[in-house]
>>> print(open('run.pdb').read())   # PDB, C-alpha atoms, pLDDT in the B column
ATOM      1  CA  MET L  22      29.914 -28.120 -84.990  1.00 58.00           C
ATOM      2  CA  ARG L  23      29.782 -29.884 -81.777  1.00 66.00           C
ATOM      3  CA  LEU L  24      27.107 -32.357 -80.836  1.00 60.00           C
ATOM      4  CA  PRO L  25      25.283 -31.957 -77.601  1.00 67.00           C
ATOM      5  CA  PHE L  26      26.393 -34.132 -74.748  1.00 69.00           C
ATOM      6  CA  VAL L  27      24.476 -37.351 -74.544  1.00 70.00           C
ATOM      7  CA  PRO L  28      24.987 -39.277 -71.352  1.00 72.00           C
ATOM      8  CA  GLY L  29      26.092 -42.814 -71.627  1.00 73.00           C
ATOM      9  CA  PRO L  30      24.962 -45.785 -69.536  1.00 78.00           C
ATOM     10  CA  SER L  31      27.791 -45.337 -67.020  1.00 80.00           C
ATOM     11  CA  ASP L  32      26.780 -41.700 -66.571  1.00 76.00           C
ATOM     12  CA  VAL L  33      23.185 -42.696 -65.891  1.00 75.00           C
ATOM     13  CA  ILE L  34      24.244 -45.412 -63.415  1.00 83.00           C
ATOM     14  CA  SER L  35      26.559 -42.971 -61.662  1.00 80.00           C
ATOM     15  CA  ALA L  36      23.752 -40.381 -61.432  1.00 78.00           C
ATOM     16  CA  VAL L  37      21.307 -42.984 -60.057  1.00 78.00           C
ATOM     17  CA  GLU L  38      23.844 -44.079 -57.434  1.00 81.00           C
ATOM     18  CA  GLY L  39      24.320 -40.432 -56.410  1.00 80.00           C
ATOM     19  CA  VAL L  40      20.550 -39.973 -56.068  1.00 81.00           C
ATOM     20  CA  ARG L  41      20.316 -43.216 -54.091  1.00 80.00           C
ATOM     21  CA  GLU L  42      23.048 -42.048 -51.680  1.00 83.00           C
ATOM     22  CA  GLY L  43      21.234 -38.676 -51.273  1.00 81.00           C
ATOM     23  CA  VAL L  44      17.933 -40.434 -50.554  1.00 82.00           C
ATOM     24  CA  THR L  45      19.698 -42.752 -48.070  1.00 83.00           C
ATOM     25  CA  GLU L  46      21.227 -39.766 -46.277  1.00 82.00           C
ATOM     26  CA  ALA L  47      17.842 -37.967 -46.283  1.00 80.00           C
ATOM     27  CA  LEU L  48      16.139 -41.061 -44.842  1.00 79.00           C
ATOM     28  CA  ALA L  49      18.834 -41.273 -42.156  1.00 81.00           C
ATOM     29  CA  LEU L  50      17.930 -37.697 -41.130  1.00 81.00           C
ATOM     30  CA  VAL L  51      14.187 -38.479 -40.682  1.00 80.00           C
ATOM     31  CA  PRO L  52      14.564 -40.134 -37.208  1.00 81.00           C
ATOM     32  CA  ARG L  53      16.764 -37.280 -36.061  1.00 81.00           C
ATOM     33  CA  LEU L  54      14.215 -34.783 -37.391  1.00 82.00           C
ATOM     34  CA  ALA L  55      11.441 -36.609 -35.482  1.00 82.00           C
ATOM     35  CA  ALA L  56      13.557 -36.485 -32.298  1.00 85.00           C
ATOM     36  CA  VAL L  57      14.146 -32.751 -32.775  1.00 86.00           C
ATOM     37  CA  VAL L  58      10.421 -32.125 -33.298  1.00 86.00           C
ATOM     38  CA  GLY L  59       9.681 -34.122 -30.120  1.00 86.00           C
ATOM     39  CA  ARG L  60      12.176 -32.095 -28.126  1.00 89.00           C
ATOM     40  CA  VAL L  61      10.768 -28.843 -29.522  1.00 88.00           C
ATOM     41  CA  GLU L  62       7.268 -29.948 -28.485  1.00 88.00           C
ATOM     42  CA  SER L  63       8.570 -30.807 -25.006  1.00 89.00           C
ATOM     43  CA  LEU L  64      10.255 -27.414 -24.748  1.00 89.00           C
ATOM     44  CA  LEU L  65       7.051 -25.682 -25.882  1.00 89.00           C
ATOM     45  CA  ASP L  66       5.126 -27.554 -23.152  1.00 89.00           C
ATOM     46  CA  ARG L  67       7.663 -26.396 -20.567  1.00 88.00           C
ATOM     47  CA  VAL L  68       7.516 -22.814 -21.858  1.00 89.00           C
ATOM     48  CA  THR L  69       3.710 -22.923 -21.629  1.00 90.00           C
ATOM     49  CA  THR L  70       3.972 -24.171 -18.037  1.00 91.00           C
ATOM     50  CA  VAL L  71       6.433 -21.415 -17.153  1.00 90.00           C
ATOM     51  CA  VAL L  72       4.222 -18.758 -18.774  1.00 90.00           C
ATOM     52  CA  ASP L  73       1.206 -20.075 -16.819  1.00 90.00           C
ATOM     53  CA  ARG L  74       3.208 -19.889 -13.571  1.00 89.00           C
ATOM     54  CA  VAL L  75       4.383 -16.371 -14.398  1.00 90.00           C
ATOM     55  CA  ASP L  76       0.750 -15.367 -15.044  1.00 89.00           C
ATOM     56  CA  GLY L  77      -0.179 -16.754 -11.618  1.00 90.00           C
ATOM     57  CA  ILE L  78       2.684 -14.873  -9.973  1.00 89.00           C
ATOM     58  CA  VAL L  79       1.652 -11.655 -11.726  1.00 89.00           C
ATOM     59  CA  ASP L  80      -1.956 -12.147 -10.540  1.00 89.00           C
ATOM     60  CA  ARG L  81      -0.778 -12.713  -6.958  1.00 88.00           C
ATOM     61  CA  ALA L  82       1.513  -9.686  -7.168  1.00 88.00           C
ATOM     62  CA  ASP L  83      -1.398  -7.572  -8.447  1.00 88.00           C
ATOM     63  CA  ALA L  84      -3.551  -8.785  -5.556  1.00 89.00           C
ATOM     64  CA  ALA L  85      -0.744  -8.014  -3.085  1.00 87.00           C
ATOM     65  CA  VAL L  86      -0.273  -4.519  -4.529  1.00 88.00           C
ATOM     66  CA  THR L  87      -4.029  -3.930  -4.285  1.00 90.00           C
ATOM     67  CA  ALA L  88      -4.001  -5.109  -0.653  1.00 87.00           C
ATOM     68  CA  VAL L  89      -1.030  -2.851   0.145  1.00 86.00           C
ATOM     69  CA  GLU L  90      -2.842   0.062  -1.459  1.00 90.00           C
ATOM     70  CA  GLY L  91      -5.897  -0.620   0.715  1.00 88.00           C
ATOM     71  CA  THR L  92      -3.718  -0.831   3.804  1.00 86.00           C
ATOM     72  CA  ARG L  93      -1.999   2.410   2.829  1.00 86.00           C
ATOM     73  CA  ARG L  94      -5.378   4.127   2.430  1.00 88.00           C
ATOM     74  CA  GLY L  95      -6.377   2.806   5.860  1.00 86.00           C
ATOM     75  CA  ALA L  96      -3.161   4.139   7.368  1.00 84.00           C
ATOM     76  CA  ASP L  97      -3.737   7.499   5.671  1.00 86.00           C
ATOM     77  CA  ASP L  98      -7.268   7.593   7.094  1.00 88.00           C
ATOM     78  CA  ALA L  99      -5.942   6.709  10.551  1.00 86.00           C
ATOM     79  CA  ILE L 100      -3.310   9.456  10.310  1.00 86.00           C
ATOM     80  CA  ALA L 101      -5.972  11.952   9.229  1.00 90.00           C
ATOM     81  CA  ALA L 102      -8.102  10.904  12.214  1.00 88.00           C
ATOM     82  CA  VAL L 103      -5.115  11.402  14.540  1.00 86.00           C
ATOM     83  CA  ASN L 104      -4.576  14.880  13.101  1.00 89.00           C
ATOM     84  CA  THR L 105      -8.255  15.722  13.592  1.00 90.00           C
ATOM     85  CA  THR L 106      -8.117  14.469  17.190  1.00 89.00           C
ATOM     86  CA  ARG L 107      -4.949  16.476  17.800  1.00 87.00           C
ATOM     87  CA  GLN L 108      -6.626  19.616  16.455  1.00 90.00           C
ATOM     88  CA  ARG L 109      -9.626  19.023  18.688  1.00 88.00           C
ATOM     89  CA  ALA L 110      -7.330  18.506  21.690  1.00 88.00           C
ATOM     90  CA  ASP L 111      -5.530  21.757  20.831  1.00 88.00           C
ATOM     91  CA  ALA L 112      -8.888  23.532  20.654  1.00 89.00           C
ATOM     92  CA  GLU L 113      -9.862  22.102  24.053  1.00 85.00           C
ATOM     93  CA  VAL L 114      -6.563  23.230  25.568  1.00 85.00           C
ATOM     94  CA  ALA L 115      -7.134  26.707  24.120  1.00 88.00           C
ATOM     95  CA  ALA L 116     -10.631  26.690  25.623  1.00 87.00           C
ATOM     96  CA  VAL L 117      -9.165  25.786  29.026  1.00 85.00           C
ATOM     97  CA  GLU L 118      -6.770  28.706  28.691  1.00 87.00           C
ATOM     98  CA  GLY L 119      -9.670  31.011  27.824  1.00 87.00           C
ATOM     99  CA  THR L 120     -11.601  29.756  30.840  1.00 88.00           C
ATOM    100  CA  ARG L 121      -8.578  30.380  33.049  1.00 85.00           C
ATOM    101  CA  LEU L 122      -8.250  33.907  31.705  1.00 87.00           C
ATOM    102  CA  ARG L 123     -11.939  34.553  32.375  1.00 85.00           C
ATOM    103  CA  ALA L 124     -11.513  33.161  35.914  1.00 82.00           C
ATOM    104  CA  ASP L 125      -8.589  35.555  36.430  1.00 82.00           C
ATOM    105  CA  GLU L 126     -10.755  38.417  35.219  1.00 83.00           C
ATOM    106  CA  ALA L 127     -13.545  37.342  37.598  1.00 79.00           C
ATOM    107  CA  ILE L 128     -11.118  37.376  40.526  1.00 75.00           C
ATOM    108  CA  ALA L 129      -9.921  40.857  39.541  1.00 77.00           C
ATOM    109  CA  GLY L 130     -13.566  41.900  39.421  1.00 72.00           C
ATOM    110  CA  VAL L 131     -14.025  40.631  42.991  1.00 59.00           C
ATOM    111  CA  GLY L 132     -11.096  42.833  44.102  1.00 65.00           C
ATOM    112  CA  ALA L 133     -12.646  45.922  42.492  1.00 67.00           C
ATOM    113  CA  THR L 134     -16.030  45.102  43.967  1.00 59.00           C
ATOM    114  CA  ARG L 135     -14.568  45.030  47.493  1.00 58.00           C
ATOM    115  CA  GLU L 136     -13.986  48.753  47.296  1.00 67.00           C
ATOM    116  CA  LYS L 137     -17.696  49.274  47.024  1.00 66.00           C
ATOM    117  CA  ALA L 138     -19.188  47.998  50.255  1.00 60.00           C
ATOM    118  CA  ASP L 139     -22.865  47.980  49.244  1.00 65.00           C
ATOM    119  CA  GLU L 140     -22.185  46.425  45.857  1.00 65.00           C
ATOM    120  CA  ALA L 141     -19.538  44.100  47.243  1.00 58.00           C
ATOM    121  CA  ILE L 142     -21.930  41.711  48.992  1.00 71.00           C
ATOM    122  CA  THR L 143     -24.175  41.363  45.946  1.00 76.00           C
ATOM    123  CA  ALA L 144     -21.286  41.287  43.523  1.00 69.00           C
ATOM    124  CA  VAL L 145     -19.396  38.705  45.612  1.00 71.00           C
ATOM    125  CA  GLY L 146     -22.404  36.377  45.498  1.00 82.00           C
ATOM    126  CA  ALA L 147     -22.677  36.749  41.722  1.00 84.00           C
ATOM    127  CA  THR L 148     -18.944  36.473  41.290  1.00 82.00           C
ATOM    128  CA  ASN L 149     -18.826  33.352  43.458  1.00 82.00           C
ATOM    129  CA  GLN L 150     -21.533  31.832  41.313  1.00 87.00           C
ATOM    130  CA  LYS L 151     -19.604  32.739  38.146  1.00 88.00           C
ATOM    131  CA  ALA L 152     -16.396  31.420  39.678  1.00 85.00           C
ATOM    132  CA  ASP L 153     -18.162  28.144  40.571  1.00 86.00           C
ATOM    133  CA  GLU L 154     -19.458  27.922  36.999  1.00 87.00           C
ATOM    134  CA  ALA L 155     -15.986  28.692  35.691  1.00 84.00           C
ATOM    135  CA  ILE L 156     -14.462  26.032  37.955  1.00 86.00           C
ATOM    136  CA  THR L 157     -17.128  23.566  36.828  1.00 90.00           C
ATOM    137  CA  ALA L 158     -16.403  24.513  33.224  1.00 84.00           C
ATOM    138  CA  VAL L 159     -12.675  24.117  33.867  1.00 85.00           C
ATOM    139  CA  GLY L 160     -13.342  20.668  35.357  1.00 86.00           C
ATOM    140  CA  ALA L 161     -15.505  19.689  32.377  1.00 87.00           C
ATOM    141  CA  THR L 162     -12.939  21.067  29.977  1.00 86.00           C
ATOM    142  CA  ASN L 163     -10.168  19.182  31.797  1.00 87.00           C
ATOM    143  CA  GLN L 164     -12.239  16.007  31.596  1.00 89.00           C
ATOM    144  CA  LYS L 165     -12.838  16.567  27.859  1.00 88.00           C
ATOM    145  CA  ALA L 166      -9.149  17.286  27.366  1.00 85.00           C
ATOM    146  CA  ASP L 167      -8.268  14.085  29.266  1.00 86.00           C
ATOM    147  CA  GLU L 168     -10.724  12.123  27.097  1.00 88.00           C
ATOM    148  CA  ALA L 169      -9.287  13.728  23.975  1.00 86.00           C
ATOM    149  CA  ILE L 170      -5.746  12.845  25.065  1.00 86.00           C
ATOM    150  CA  VAL L 171      -6.799   9.241  25.774  1.00 89.00           C
ATOM    151  CA  ALA L 172      -8.467   9.133  22.339  1.00 86.00           C
ATOM    152  CA  VAL L 173      -5.276  10.486  20.767  1.00 85.00           C
ATOM    153  CA  GLY L 174      -3.253   7.754  22.502  1.00 84.00           C
ATOM    154  CA  SER L 175      -5.690   5.091  21.283  1.00 88.00           C
ATOM    155  CA  THR L 176      -5.613   6.513  17.767  1.00 88.00           C
ATOM    156  CA  ILE L 177      -1.816   6.564  17.787  1.00 86.00           C
ATOM    157  CA  ALA L 178      -1.756   2.928  18.915  1.00 86.00           C
ATOM    158  CA  ARG L 179      -4.146   1.949  16.098  1.00 87.00           C
ATOM    159  CA  SER L 180      -2.070   3.970  13.646  1.00 84.00           C
ATOM    160  CA  ASP L 181       1.084   2.170  14.818  1.00 84.00           C
ATOM    161  CA  GLU L 182      -0.689  -1.157  14.339  1.00 86.00           C
ATOM    162  CA  ALA L 183      -1.799  -0.109  10.852  1.00 82.00           C
ATOM    163  CA  ILE L 184       1.726   1.000   9.956  1.00 83.00           C
ATOM    164  CA  THR L 185       3.119  -2.297  11.282  1.00 88.00           C
ATOM    165  CA  ALA L 186       0.546  -4.182   9.194  1.00 83.00           C
ATOM    166  CA  VAL L 187       1.587  -2.158   6.132  1.00 82.00           C
ATOM    167  CA  GLY L 188       5.239  -3.064   6.797  1.00 83.00           C
ATOM    168  CA  GLN L 189       4.338  -6.744   7.128  1.00 88.00           C
ATOM    169  CA  THR L 190       2.245  -6.622   3.962  1.00 83.00           C
ATOM    170  CA  ILE L 191       5.110  -4.991   2.075  1.00 81.00           C
ATOM    171  CA  ALA L 192       7.508  -7.623   3.428  1.00 83.00           C
ATOM    172  CA  ARG L 193       5.164 -10.411   2.339  1.00 84.00           C
ATOM    173  CA  SER L 194       4.684  -8.741  -1.031  1.00 80.00           C
ATOM    174  CA  ASP L 195       8.458  -8.497  -1.522  1.00 74.00           C
TER     175      ASP L 195
END
>>> encode(input="run.pdb", output="structure tokens")
Amino acid sequence: MRLPFVPGPSDVISAVEGVREGVTEALALVPRLAAVVGRVESLLDRVTTVVDRVDGIVDRADAAVTAVEGTRRGADDAIAAVNTTRQRADAEVAAVEGTRLRADEAIAGVGATREKADEAITAVGATNQKADEAITAVGATNQKADEAIVAVGSTIARSDEAITAVGQTIARSD
């Protein structure tokens, strides 16, 4: 039967020296560990600063996108107004054409009335009055059409300005 191993004094001294060397090496690592922790803290501070800056950039980008959206809505409204003005101008032009057709019909009526001598004098007076009213209406319609065309030009200019502003806002946003 074999006896269990019992360490001798040299074994104990050797083990203590090994522990002492391990403790010495561990203590030598403590300053390096403190330096690493300091650097990690510094890096965390920098990361926090970068994240804060990114949050600010995201907020500014959100504000810019919101502003661009508002400008886009304004441009859409301006375009809709231009379309409405164009439709009104088209309606006025159609009204002028209708007035012209009625004036042509009145002139044809004057020619038919000439054939009837007794009715011609009375009819000519009435027709002249209607023709004067038609000419006045044509003048008023022309004036309204001119005003509508000027308004269309003004609206187009404002629309161009709005579109330019949208382009500049997009450029600034980019």
>>> atom_distance(input="run.pdb", atom1="CA of Thr143 in chain L", atom2="CA of Gly130 in chain L")
12.5 Å
>>> closest_atom_pairs(input="run.pdb", of="range 77-160 of chain L", to="range 168-185 of chain L", cutoff="9 Å", atoms="only C-alpha atoms", output="JSON lines")
{"residue": "L:Thr92", "atom": "CA", "partner": "L:Ala183", "partner_atom": "CA", "distance": 7.3}
{"residue": "L:Arg93", "atom": "CA", "partner": "L:Ile184", "partner_atom": "CA", "distance": 8.2}
{"residue": "L:Gly95", "atom": "CA", "partner": "L:Ala183", "partner_atom": "CA", "distance": 7.4}
{"residue": "L:Ala96", "atom": "CA", "partner": "L:Ala183", "partner_atom": "CA", "distance": 5.7}
{"residue": "L:Asp97", "atom": "CA", "partner": "L:Ser180", "partner_atom": "CA", "distance": 8.9}
{"residue": "L:Ala99", "atom": "CA", "partner": "L:Ser180", "partner_atom": "CA", "distance": 5.7}
{"residue": "L:Ile100", "atom": "CA", "partner": "L:Ser180", "partner_atom": "CA", "distance": 6.5}
{"residue": "L:Ala102", "atom": "CA", "partner": "L:Thr176", "partner_atom": "CA", "distance": 7.5}
{"residue": "L:Val103", "atom": "CA", "partner": "L:Thr176", "partner_atom": "CA", "distance": 5.9}
{"residue": "L:Asn104", "atom": "CA", "partner": "L:Val173", "partner_atom": "CA", "distance": 8.9}
{"residue": "L:Thr106", "atom": "CA", "partner": "L:Val173", "partner_atom": "CA", "distance": 6.1}
{"residue": "L:Arg107", "atom": "CA", "partner": "L:Val173", "partner_atom": "CA", "distance": 6.7}
{"residue": "L:Arg109", "atom": "CA", "partner": "L:Ala169", "partner_atom": "CA", "distance": 7.5}
{"residue": "L:Ala110", "atom": "CA", "partner": "L:Ala169", "partner_atom": "CA", "distance": 5.6}
{"residue": "L:Glu113", "atom": "CA", "partner": "L:Ala169", "partner_atom": "CA", "distance": 8.4}
>>> axis_aligned_box(input="run.pdb", around="range 156-166 of chain L", padding_each_side="4 Å", output="lines of an AutoDock Vina configuration file")
center_x = -13.1
center_y = 21.0
center_z = 32.7
size_x = 16.0
size_y = 18.0
size_z = 18.6
>>> atom_distance(input="run.pdb", atom1="CA of Asp195 in chain L", atom2="CA of Val68 in chain L")
24.9 Å
>>> atom_distance(input="run.pdb", atom1="CA of Lys165 in chain L", atom2="CA of Gly146 in chain L")
28.2 Å
>>> residues_near_point(input="run.pdb", point="(-16.7, 26.3, 29.3)", cutoff="8 Å", atoms="only C-alpha atoms", output="VMD selection string")
chain L and resid 116 to 117 120 155 158 to 159 161 to 162
